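Heads up, start.tsv below (TSV, N, CA and C atoms):
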chain	number	residue	atom	x	y	z
A	168	HIS	N	0.82	-1.21	0.00
A	168	HIS	CA	0.00	0.00	0.00
A	168	HIS	C	0.86	1.27	0.00
A	169	PHE	N	1.94	1.25	0.73
A	169	PHE	CA	2.79	2.43	0.83
A	169	PHE	C	4.05	2.32	-0.02
A	170	GLY	N	4.09	1.34	-0.90
A	170	GLY	CA	5.25	1.16	-1.76
A	170	GLY	C	6.46	0.61	-1.03
A	171	LEU	N	6.22	-0.24	-0.03
A	171	LEU	CA	7.31	-0.81	0.75
A	171	LEU	C	8.04	-1.87	-0.06
A	172	ASP	N	9.37	-1.84	0.00
A	172	ASP	CA	10.14	-2.87	-0.68
A	172	ASP	C	10.27	-4.10	0.24
A	173	THR	N	10.75	-5.19	-0.31
A	173	THR	CA	10.85	-6.45	0.42
A	173	THR	C	11.71	-6.31	1.67
A	174	ARG	N	12.83	-5.58	1.56
A	174	ARG	CA	13.72	-5.39	2.70
A	174	ARG	C	13.00	-4.69	3.85
A	175	MET	N	12.22	-3.66	3.52
A	175	MET	CA	11.51	-2.90	4.55
A	175	MET	C	10.44	-3.77	5.21
A	176	VAL	N	9.74	-4.56	4.44
A	176	VAL	CA	8.71	-5.45	4.99
A	176	VAL	C	9.36	-6.48	5.92
A	177	GLN	N	10.49	-7.04	5.52
A	177	GLN	CA	11.19	-8.01	6.36
A	177	GLN	C	11.69	-7.37	7.66
A	178	THR	N	12.22	-6.18	7.55
A	178	THR	CA	12.70	-5.48	8.75
A	178	THR	C	11.54	-5.22	9.71
A	179	LEU	N	10.44	-4.74	9.18
A	179	LEU	CA	9.27	-4.48	10.02
A	179	LEU	C	8.77	-5.78	10.66
A	180	SER	N	8.71	-6.85	9.90
A	180	SER	CA	8.26	-8.14	10.44
A	180	SER	C	9.16	-8.60	11.58
A	181	HIS	N	10.46	-8.45	11.39
A	181	HIS	CA	11.43	-8.86	12.43
A	181	HIS	C	11.22	-8.03	13.70
A	182	VAL	N	11.09	-6.73	13.55
A	182	VAL	CA	10.92	-5.86	14.71
A	182	VAL	C	9.59	-6.14	15.41
A	183	MET	N	8.54	-6.35	14.63
A	183	MET	CA	7.22	-6.61	15.22
A	183	MET	C	7.18	-7.97	15.93
A	184	ALA	N	8.00	-8.91	15.49
A	184	ALA	CA	8.01	-10.24	16.10
A	184	ALA	C	8.46	-10.20	17.55
A	185	VAL	N	9.25	-9.22	17.91
A	185	VAL	CA	9.70	-9.12	19.31
A	185	VAL	C	8.78	-8.21	20.13
A	186	ARG	N	7.67	-7.76	19.54
A	186	ARG	CA	6.71	-6.90	20.23
A	186	ARG	C	5.30	-7.49	20.16
A	187	PRO	N	5.10	-8.78	20.45
A	187	PRO	CA	3.78	-9.38	20.25
A	187	PRO	C	2.68	-8.79	21.14
A	188	LYS	N	3.04	-8.32	22.32
A	188	LYS	CA	2.02	-7.78	23.24
A	188	LYS	C	1.41	-6.48	22.74
A	189	THR	N	2.17	-5.73	21.94
A	189	THR	CA	1.68	-4.42	21.48
A	189	THR	C	1.52	-4.37	19.96
A	190	ALA	N	1.55	-5.52	19.30
A	190	ALA	CA	1.54	-5.55	17.84
A	190	ALA	C	0.33	-4.83	17.24
A	191	ARG	N	-0.85	-5.07	17.78
A	191	ARG	CA	-2.06	-4.43	17.22
A	191	ARG	C	-1.99	-2.92	17.37
A	192	GLU	N	-1.66	-2.45	18.56
A	192	GLU	CA	-1.57	-1.01	18.80
A	192	GLU	C	-0.45	-0.38	17.97
A	193	ASP	N	0.67	-1.10	17.85
A	193	ASP	CA	1.78	-0.61	17.04
A	193	ASP	C	1.37	-0.44	15.58
A	194	MET	N	0.69	-1.43	15.05
A	194	MET	CA	0.29	-1.38	13.64
A	194	MET	C	-0.75	-0.28	13.40
A	195	GLU	N	-1.65	-0.08	14.34
A	195	GLU	CA	-2.63	1.01	14.20
A	195	GLU	C	-1.92	2.36	14.13
A	196	LYS	N	-0.96	2.56	15.01
A	196	LYS	CA	-0.21	3.82	15.04
A	196	LYS	C	0.64	3.97	13.77
A	197	LEU	N	1.32	2.90	13.36
A	197	LEU	CA	2.13	2.96	12.15
A	197	LEU	C	1.28	3.31	10.93
A	198	TRP	N	0.12	2.67	10.81
A	198	TRP	CA	-0.75	2.92	9.66
A	198	TRP	C	-1.16	4.39	9.62
A	199	THR	N	-1.58	4.93	10.75
A	199	THR	CA	-1.97	6.34	10.82
A	199	THR	C	-0.80	7.25	10.47
A	200	ASP	N	0.37	6.95	11.03
A	200	ASP	CA	1.55	7.78	10.76
A	200	ASP	C	1.91	7.75	9.28
A	201	LEU	N	1.87	6.58	8.68
A	201	LEU	CA	2.24	6.46	7.27
A	201	LEU	C	1.22	7.15	6.37
A	202	GLU	N	-0.05	7.02	6.71
A	202	GLU	CA	-1.09	7.71	5.92
A	202	GLU	C	-0.93	9.23	5.99
A	203	ASP	N	-0.55	9.72	7.14
A	203	ASP	CA	-0.42	11.16	7.34
A	203	ASP	C	0.90	11.74	6.83
A	204	SER	N	1.85	10.87	6.54
A	204	SER	CA	3.18	11.33	6.16
A	204	SER	C	3.29	11.62	4.66
A	205	GLN	N	4.04	12.65	4.34
A	205	GLN	CA	4.33	12.94	2.93
A	205	GLN	C	5.42	12.02	2.42
A	206	ARG	N	6.20	11.45	3.33
A	206	ARG	CA	7.29	10.52	2.97
A	206	ARG	C	7.16	9.26	3.82
A	207	PRO	N	6.22	8.36	3.47
A	207	PRO	CA	5.94	7.20	4.31
A	207	PRO	C	7.13	6.26	4.52
A	208	LEU	N	7.97	6.08	3.52
A	208	LEU	CA	9.11	5.17	3.71
A	208	LEU	C	10.07	5.70	4.75
A	209	GLN	N	10.35	6.99	4.71
A	209	GLN	CA	11.23	7.59	5.71
A	209	GLN	C	10.59	7.55	7.10
A	210	MET	N	9.28	7.77	7.14
A	210	MET	CA	8.57	7.71	8.41
A	210	MET	C	8.66	6.30	9.00
A	211	LEU	N	8.48	5.28	8.15
A	211	LEU	CA	8.56	3.91	8.64
A	211	LEU	C	9.97	3.59	9.15
A	212	GLU	N	10.99	4.02	8.44
A	212	GLU	CA	12.36	3.80	8.91
A	212	GLU	C	12.58	4.45	10.27
A	213	HIS	N	12.06	5.65	10.43
A	213	HIS	CA	12.18	6.36	11.71
A	213	HIS	C	11.46	5.60	12.83
A	214	ARG	N	10.25	5.14	12.55
A	214	ARG	CA	9.48	4.41	13.56
A	214	ARG	C	10.15	3.08	13.91
A	215	ILE	N	10.73	2.41	12.93
A	215	ILE	CA	11.43	1.15	13.21
A	215	ILE	C	12.63	1.42	14.13
A	216	ARG	N	13.37	2.49	13.87
A	216	ARG	CA	14.50	2.84	14.76
A	216	ARG	C	13.99	3.10	16.18
A	217	GLN	N	12.84	3.78	16.29
A	217	GLN	CA	12.29	4.03	17.62
A	217	GLN	C	11.92	2.71	18.31
A	218	MET	N	11.37	1.76	17.55
A	218	MET	CA	11.02	0.46	18.13
A	218	MET	C	12.26	-0.26	18.64
A	219	VAL	N	13.29	-0.28	17.82
A	219	VAL	CA	14.55	-0.94	18.20
A	219	VAL	C	15.14	-0.29	19.45
A	220	ASP	N	15.03	1.03	19.54
A	220	ASP	CA	15.57	1.78	20.68
A	220	ASP	C	14.66	1.74	21.90
A	221	GLY	N	13.46	1.15	21.76
A	221	GLY	CA	12.52	1.09	22.87
A	221	GLY	C	11.83	2.41	23.16
A	222	LYS	N	11.71	3.26	22.13
A	222	LYS	CA	11.10	4.58	22.31
A	222	LYS	C	9.79	4.75	21.56
A	223	PHE	N	9.33	3.71	20.89
A	223	PHE	CA	8.09	3.81	20.12
A	223	PHE	C	6.92	3.32	20.96
A	224	ALA	N	5.83	4.04	20.89
A	224	ALA	CA	4.60	3.61	21.53
A	224	ALA	C	3.50	3.61	20.49
A	225	GLY	N	2.82	2.50	20.38
A	225	GLY	CA	1.70	2.41	19.45
A	225	GLY	C	0.53	3.22	19.97
A	226	LYS	N	-0.61	2.99	19.40
A	226	LYS	CA	-1.82	3.70	19.82
A	226	LYS	C	-2.15	3.29	21.26
A	227	GLY	N	-2.15	4.26	22.15
A	227	GLY	CA	-2.41	3.97	23.55
A	227	GLY	C	-3.88	3.78	23.85
A	228	ARG	N	-4.14	3.05	24.90
A	228	ARG	CA	-5.52	2.84	25.34
A	228	ARG	C	-6.08	4.10	25.99
A	229	SER	N	-5.21	5.06	26.27
A	229	SER	CA	-5.62	6.29	26.94
A	229	SER	C	-6.11	7.37	25.97
A	230	GLU	N	-6.07	7.12	24.68
A	230	GLU	CA	-6.36	8.17	23.71
A	230	GLU	C	-7.73	8.82	23.91
A	231	ASP	N	-8.76	8.02	24.16
A	231	ASP	CA	-10.10	8.60	24.35
A	231	ASP	C	-10.15	9.50	25.59
A	232	LYS	N	-9.46	9.11	26.65
A	232	LYS	CA	-9.43	9.92	27.87
A	232	LYS	C	-8.69	11.24	27.62
A	233	VAL	N	-7.61	11.16	26.85
A	233	VAL	CA	-6.86	12.38	26.52
A	233	VAL	C	-7.73	13.31	25.68
A	234	MET	N	-8.48	12.75	24.76
A	234	MET	CA	-9.37	13.55	23.91
A	234	MET	C	-10.44	14.27	24.74
A	235	VAL	N	-10.97	13.60	25.74
A	235	VAL	CA	-11.97	14.22	26.62
A	235	VAL	C	-11.35	15.41	27.35
A	236	LEU	N	-10.14	15.22	27.88
A	236	LEU	CA	-9.45	16.30	28.59
A	236	LEU	C	-9.13	17.45	27.62
A	237	ALA	N	-8.69	17.11	26.43
A	237	ALA	CA	-8.36	18.13	25.42
A	237	ALA	C	-9.60	18.94	25.06
A	238	ALA	N	-10.73	18.28	24.91
A	238	ALA	CA	-11.97	18.98	24.58
A	238	ALA	C	-12.42	19.87	25.74
A	239	LYS	N	-12.27	19.39	26.96
A	239	LYS	CA	-12.68	20.15	28.14
A	239	LYS	C	-11.95	21.49	28.20
A	240	TYR	N	-10.66	21.49	27.85
A	240	TYR	CA	-9.86	22.71	27.93
A	240	TYR	C	-9.60	23.35	26.56
A	241	LYS	N	-10.30	22.85	25.56
A	241	LYS	CA	-10.21	23.40	24.20
A	241	LYS	C	-8.76	23.52	23.73
A	242	LEU	N	-8.00	22.43	23.93
A	242	LEU	CA	-6.62	22.42	23.47
A	242	LEU	C	-6.59	22.52	21.96
A	243	ASP	N	-5.57	23.20	21.44
A	243	ASP	CA	-5.45	23.28	19.98
A	243	ASP	C	-5.00	21.92	19.44
A	244	ARG	N	-5.09	21.78	18.13
A	244	ARG	CA	-4.81	20.49	17.49
A	244	ARG	C	-3.38	20.03	17.77
A	245	ASP	N	-2.43	20.93	17.69
A	245	ASP	CA	-1.03	20.58	17.92
A	245	ASP	C	-0.83	20.04	19.33
A	246	ALA	N	-1.33	20.74	20.32
A	246	ALA	CA	-1.18	20.30	21.71
A	246	ALA	C	-1.89	18.96	21.94
A	247	THR	N	-3.06	18.81	21.36
A	247	THR	CA	-3.82	17.57	21.51
A	247	THR	C	-3.08	16.39	20.90
A	248	THR	N	-2.61	16.54	19.68
A	248	THR	CA	-1.90	15.46	18.99
A	248	THR	C	-0.64	15.06	19.76
A	249	LYS	N	0.11	16.03	20.21
A	249	LYS	CA	1.34	15.74	20.94
A	249	LYS	C	1.05	15.12	22.30
A	250	LEU	N	0.00	15.58	22.97
A	250	LEU	CA	-0.34	15.01	24.26
A	250	LEU	C	-0.78	13.55	24.11
A	251	ILE	N	-1.54	13.24	23.08
A	251	ILE	CA	-1.95	11.85	22.82
A	251	ILE	C	-0.71	10.97	22.66
A	252	SER	N	0.23	11.44	21.87
A	252	SER	CA	1.45	10.68	21.62
A	252	SER	C	2.27	10.49	22.90
A	253	VAL	N	2.45	11.55	23.64
A	253	VAL	CA	3.24	11.47	24.87
A	253	VAL	C	2.57	10.57	25.90
A	254	MET	N	1.26	10.65	26.02
A	254	MET	CA	0.57	9.82	27.00
A	254	MET	C	0.64	8.35	26.59
A	255	ALA	N	0.61	8.06	25.29
A	255	ALA	CA	0.78	6.68	24.83
A	255	ALA	C	2.17	6.17	25.20
A	256	THR	N	3.17	7.02	25.05
A	256	THR	CA	4.54	6.64	25.43
A	256	THR	C	4.62	6.40	26.92
A	257	ARG	N	4.02	7.26	27.71
A	257	ARG	CA	4.04	7.08	29.17
A	257	ARG	C	3.38	5.76	29.54
A	258	GLU	N	2.28	5.46	28.88
A	258	GLU	CA	1.51	4.25	29.17
A	258	GLU	C	2.26	2.99	28.73
A	259	MET	N	2.74	2.99	27.48
A	259	MET	CA	3.23	1.75	26.89
A	259	MET	C	4.74	1.55	27.04
A	260	VAL	N	5.50	2.62	27.15
A	260	VAL	CA	6.96	2.48	27.26
A	260	VAL	C	7.40	2.62	28.72
A	261	HIS	N	6.87	3.63	29.42
A	261	HIS	CA	7.32	3.90	30.79
A	261	HIS	C	6.46	3.22	31.85
A	262	GLY	N	5.28	2.72	31.49
A	262	GLY	CA	4.42	2.04	32.45
A	262	GLY	C	3.78	2.95	33.47
A	263	CYS	N	3.58	4.21	33.10
A	263	CYS	CA	2.98	5.18	34.03
A	263	CYS	C	1.48	4.94	34.20
A	264	ASP	N	0.95	5.42	35.30
A	264	ASP	CA	-0.49	5.38	35.57
A	264	ASP	C	-1.11	6.59	34.87
A	265	VAL	N	-1.64	6.37	33.68
A	265	VAL	CA	-2.13	7.47	32.86
A	265	VAL	C	-3.36	8.13	33.48
A	266	ASP	N	-4.19	7.37	34.15
A	266	ASP	CA	-5.37	7.97	34.80
A	266	ASP	C	-4.92	9.00	35.85
A	267	LYS	N	-3.92	8.63	36.63
A	267	LYS	CA	-3.37	9.55	37.63
A	267	LYS	C	-2.74	10.76	36.95
A	268	ASP	N	-1.98	10.50	35.88
A	268	ASP	CA	-1.35	11.58	35.12
A	268	ASP	C	-2.38	12.57	34.59
A	269	LEU	N	-3.46	12.04	34.03
A	269	LEU	CA	-4.48	12.92	33.45
A	269	LEU	C	-5.20	13.72	34.52
A	270	GLU	N	-5.40	13.13	35.68
A	270	GLU	CA	-6.02	13.87	36.78
A	270	GLU	C	-5.11	15.01	37.23
A	271	GLN	N	-3.82	14.75	37.32
A	271	GLN	CA	-2.88	15.81	37.70
A	271	GLN	C	-2.81	16.90	36.63
A	272	LEU	N	-2.80	16.49	35.36
A	272	LEU	CA	-2.84	17.48	34.27
A	272	LEU	C	-4.11	18.31	34.32
A	273	ASN	N	-5.23	17.66	34.63
A	273	ASN	CA	-6.50	18.35	34.75
A	273	ASN	C	-6.40	19.47	35.78
A	274	GLN	N	-5.78	19.19	36.90
A	274	GLN	CA	-5.62	20.20	37.95
A	274	GLN	C	-4.76	21.37	37.47
A	275	HIS	N	-3.68	21.06	36.78
A	275	HIS	CA	-2.80	22.11	36.25
A	275	HIS	C	-3.53	22.97	35.21
A	276	MET	N	-4.26	22.30	34.31
A	276	MET	CA	-4.95	23.04	33.25
A	276	MET	C	-6.09	23.89	33.80
A	277	ALA	N	-6.73	23.41	34.86
A	277	ALA	CA	-7.82	24.18	35.47
A	277	ALA	C	-7.32	25.52	36.01
A	278	ALA	N	-6.06	25.54	36.43
A	278	ALA	CA	-5.47	26.76	36.99
A	278	ALA	C	-4.78	27.62	35.93
A	279	SER	N	-4.79	27.18	34.68
A	279	SER	CA	-4.05	27.89	33.63
A	279	SER	C	-4.96	28.74	32.75
A	280	ASN	N	-4.45	29.89	32.36
A	280	ASN	CA	-5.16	30.73	31.40
A	280	ASN	C	-4.91	30.28	29.96
A	281	LYS	N	-3.84	29.51	29.76
A	281	LYS	CA	-3.45	29.03	28.43
A	281	LYS	C	-3.12	27.55	28.51
A	282	PRO	N	-4.14	26.69	28.56
A	282	PRO	CA	-3.89	25.26	28.73
A	282	PRO	C	-3.07	24.63	27.59
A	283	SER	N	-3.27	25.07	26.35
A	283	SER	CA	-2.49	24.51	25.24
A	283	SER	C	-1.00	24.81	25.42
A	284	ALA	N	-0.70	26.03	25.80
A	284	ALA	CA	0.70	26.41	26.03
A	284	ALA	C	1.28	25.63	27.21
A	285	LEU	N	0.49	25.44	28.25
A	285	LEU	CA	0.94	24.68	29.41
A	285	LEU	C	1.31	23.25	29.00
A	286	VAL	N	0.42	22.62	28.24
A	286	VAL	CA	0.68	21.25	27.78
A	286	VAL	C	1.96	21.20	26.96
A	287	CYS	N	2.11	22.12	26.03
A	287	CYS	CA	3.30	22.13	25.18
A	287	CYS	C	4.58	22.32	26.00
A	288	MET	N	4.51	23.12	27.05
A	288	MET	CA	5.68	23.33	27.91
A	288	MET	C	6.02	22.06	28.69
A	289	LYS	N	5.03	21.25	29.02
A	289	LYS	CA	5.25	20.05	29.83
A	289	LYS	C	5.61	18.82	29.00
A	290	LEU	N	5.51	18.88	27.68
A	290	LEU	CA	5.68	17.69	26.85
A	290	LEU	C	7.03	17.01	27.04
A	291	ARG	N	8.11	17.76	27.02
A	291	ARG	CA	9.44	17.15	27.16
A	291	ARG	C	9.56	16.43	28.51
A	292	HIS	N	9.11	17.08	29.55
A	292	HIS	CA	9.15	16.50	30.89
A	292	HIS	C	8.29	15.22	30.93
A	293	LEU	N	7.09	15.30	30.38
A	293	LEU	CA	6.19	14.15	30.38
A	293	LEU	C	6.74	13.00	29.55
A	294	SER	N	7.37	13.31	28.42
A	294	SER	CA	7.85	12.25	27.54
A	294	SER	C	8.99	11.45	28.17
A	295	SER	N	9.63	11.99	29.18
A	295	SER	CA	10.73	11.28	29.85
A	295	SER	C	10.21	10.23	30.84
A	296	GLY	N	8.91	10.28	31.13
A	296	GLY	CA	8.34	9.36	32.11
A	296	GLY	C	8.35	9.91	33.52
A	297	ALA	N	8.83	11.13	33.68
A	297	ALA	CA	8.87	11.76	35.00
A	297	ALA	C	7.45	12.05	35.50
A	298	PRO	N	7.25	12.16	36.81
A	298	PRO	CA	5.92	12.48	37.35
A	298	PRO	C	5.41	13.82	36.80
A	299	VAL	N	4.11	13.93	36.68
A	299	VAL	CA	3.50	15.16	36.16
A	299	VAL	C	3.87	16.33	37.05
A	300	GLY	N	3.83	16.11	38.36
A	300	GLY	CA	4.22	17.17	39.29
A	300	GLY	C	3.12	18.10	39.65

As a first step, turn the structure in this file into structure tokens.
Amino acid sequence: HFGLDTRMVQTLSHVMAVRPKTAREDMEKLWTDLEDSQRPLQMLEHRIRQMVDGKFAGKGRSEDKVMVLAAKYKLDRDATTKLISVMATREMVHGCDVDKDLEQLNQHMAASNKPSALVCMKLRHLSSGAPVG
């Protein structure tokens, strides 16, 4: 579908074989990323490197909860998309309690005049797996 060559398909199969617990979520995220990318082959190579490095998170089970929080505070599209990705990483790579994280973020955003900016400022910290604070 994306013009993948045999080598790329084999590499993806090999990497996915060591991730059986998250294969479905990984493939859902990969498909979305490749569809949205102007350069799907380069995107797939990047995602495979992230998988090998243990930094890739497929579609998280927390996405619907993040969307509810984003709608509540009218987060812009950029902040929402990045927060979904970071929370999936926290959930699937770092093993964080996403429900607790979202409750803490809710408290921070409730006190903020610019919730989208707040989220964007916290992304690097959140992506490391550190506590929301």

A:Asn273 surroundings by all atoms listed in the file, 8 Å radius, close-in-sequence under 6 positions cut, as a ChimeraX atom specification: /A:236,267,279

Contacts of A:Thr256 within 8 Å, all atoms listed in the file, excl. fewer than 4 positions in-chain, as a VMD selection string: chain A and resid 222 to 227 250 to 252 260 to 263 293 to 296

Within-12 Å shell of (-4.3, 6.6, 25.4) in input frame, only C-alpha atoms, as a count of residues only: 34

Residue contacts of A:Leu171 (7 Å, all atoms listed in the file) excluding same-chain residues fewer than 4 positions away, as a VMD selection string: chain A and resid 175 to 176 208
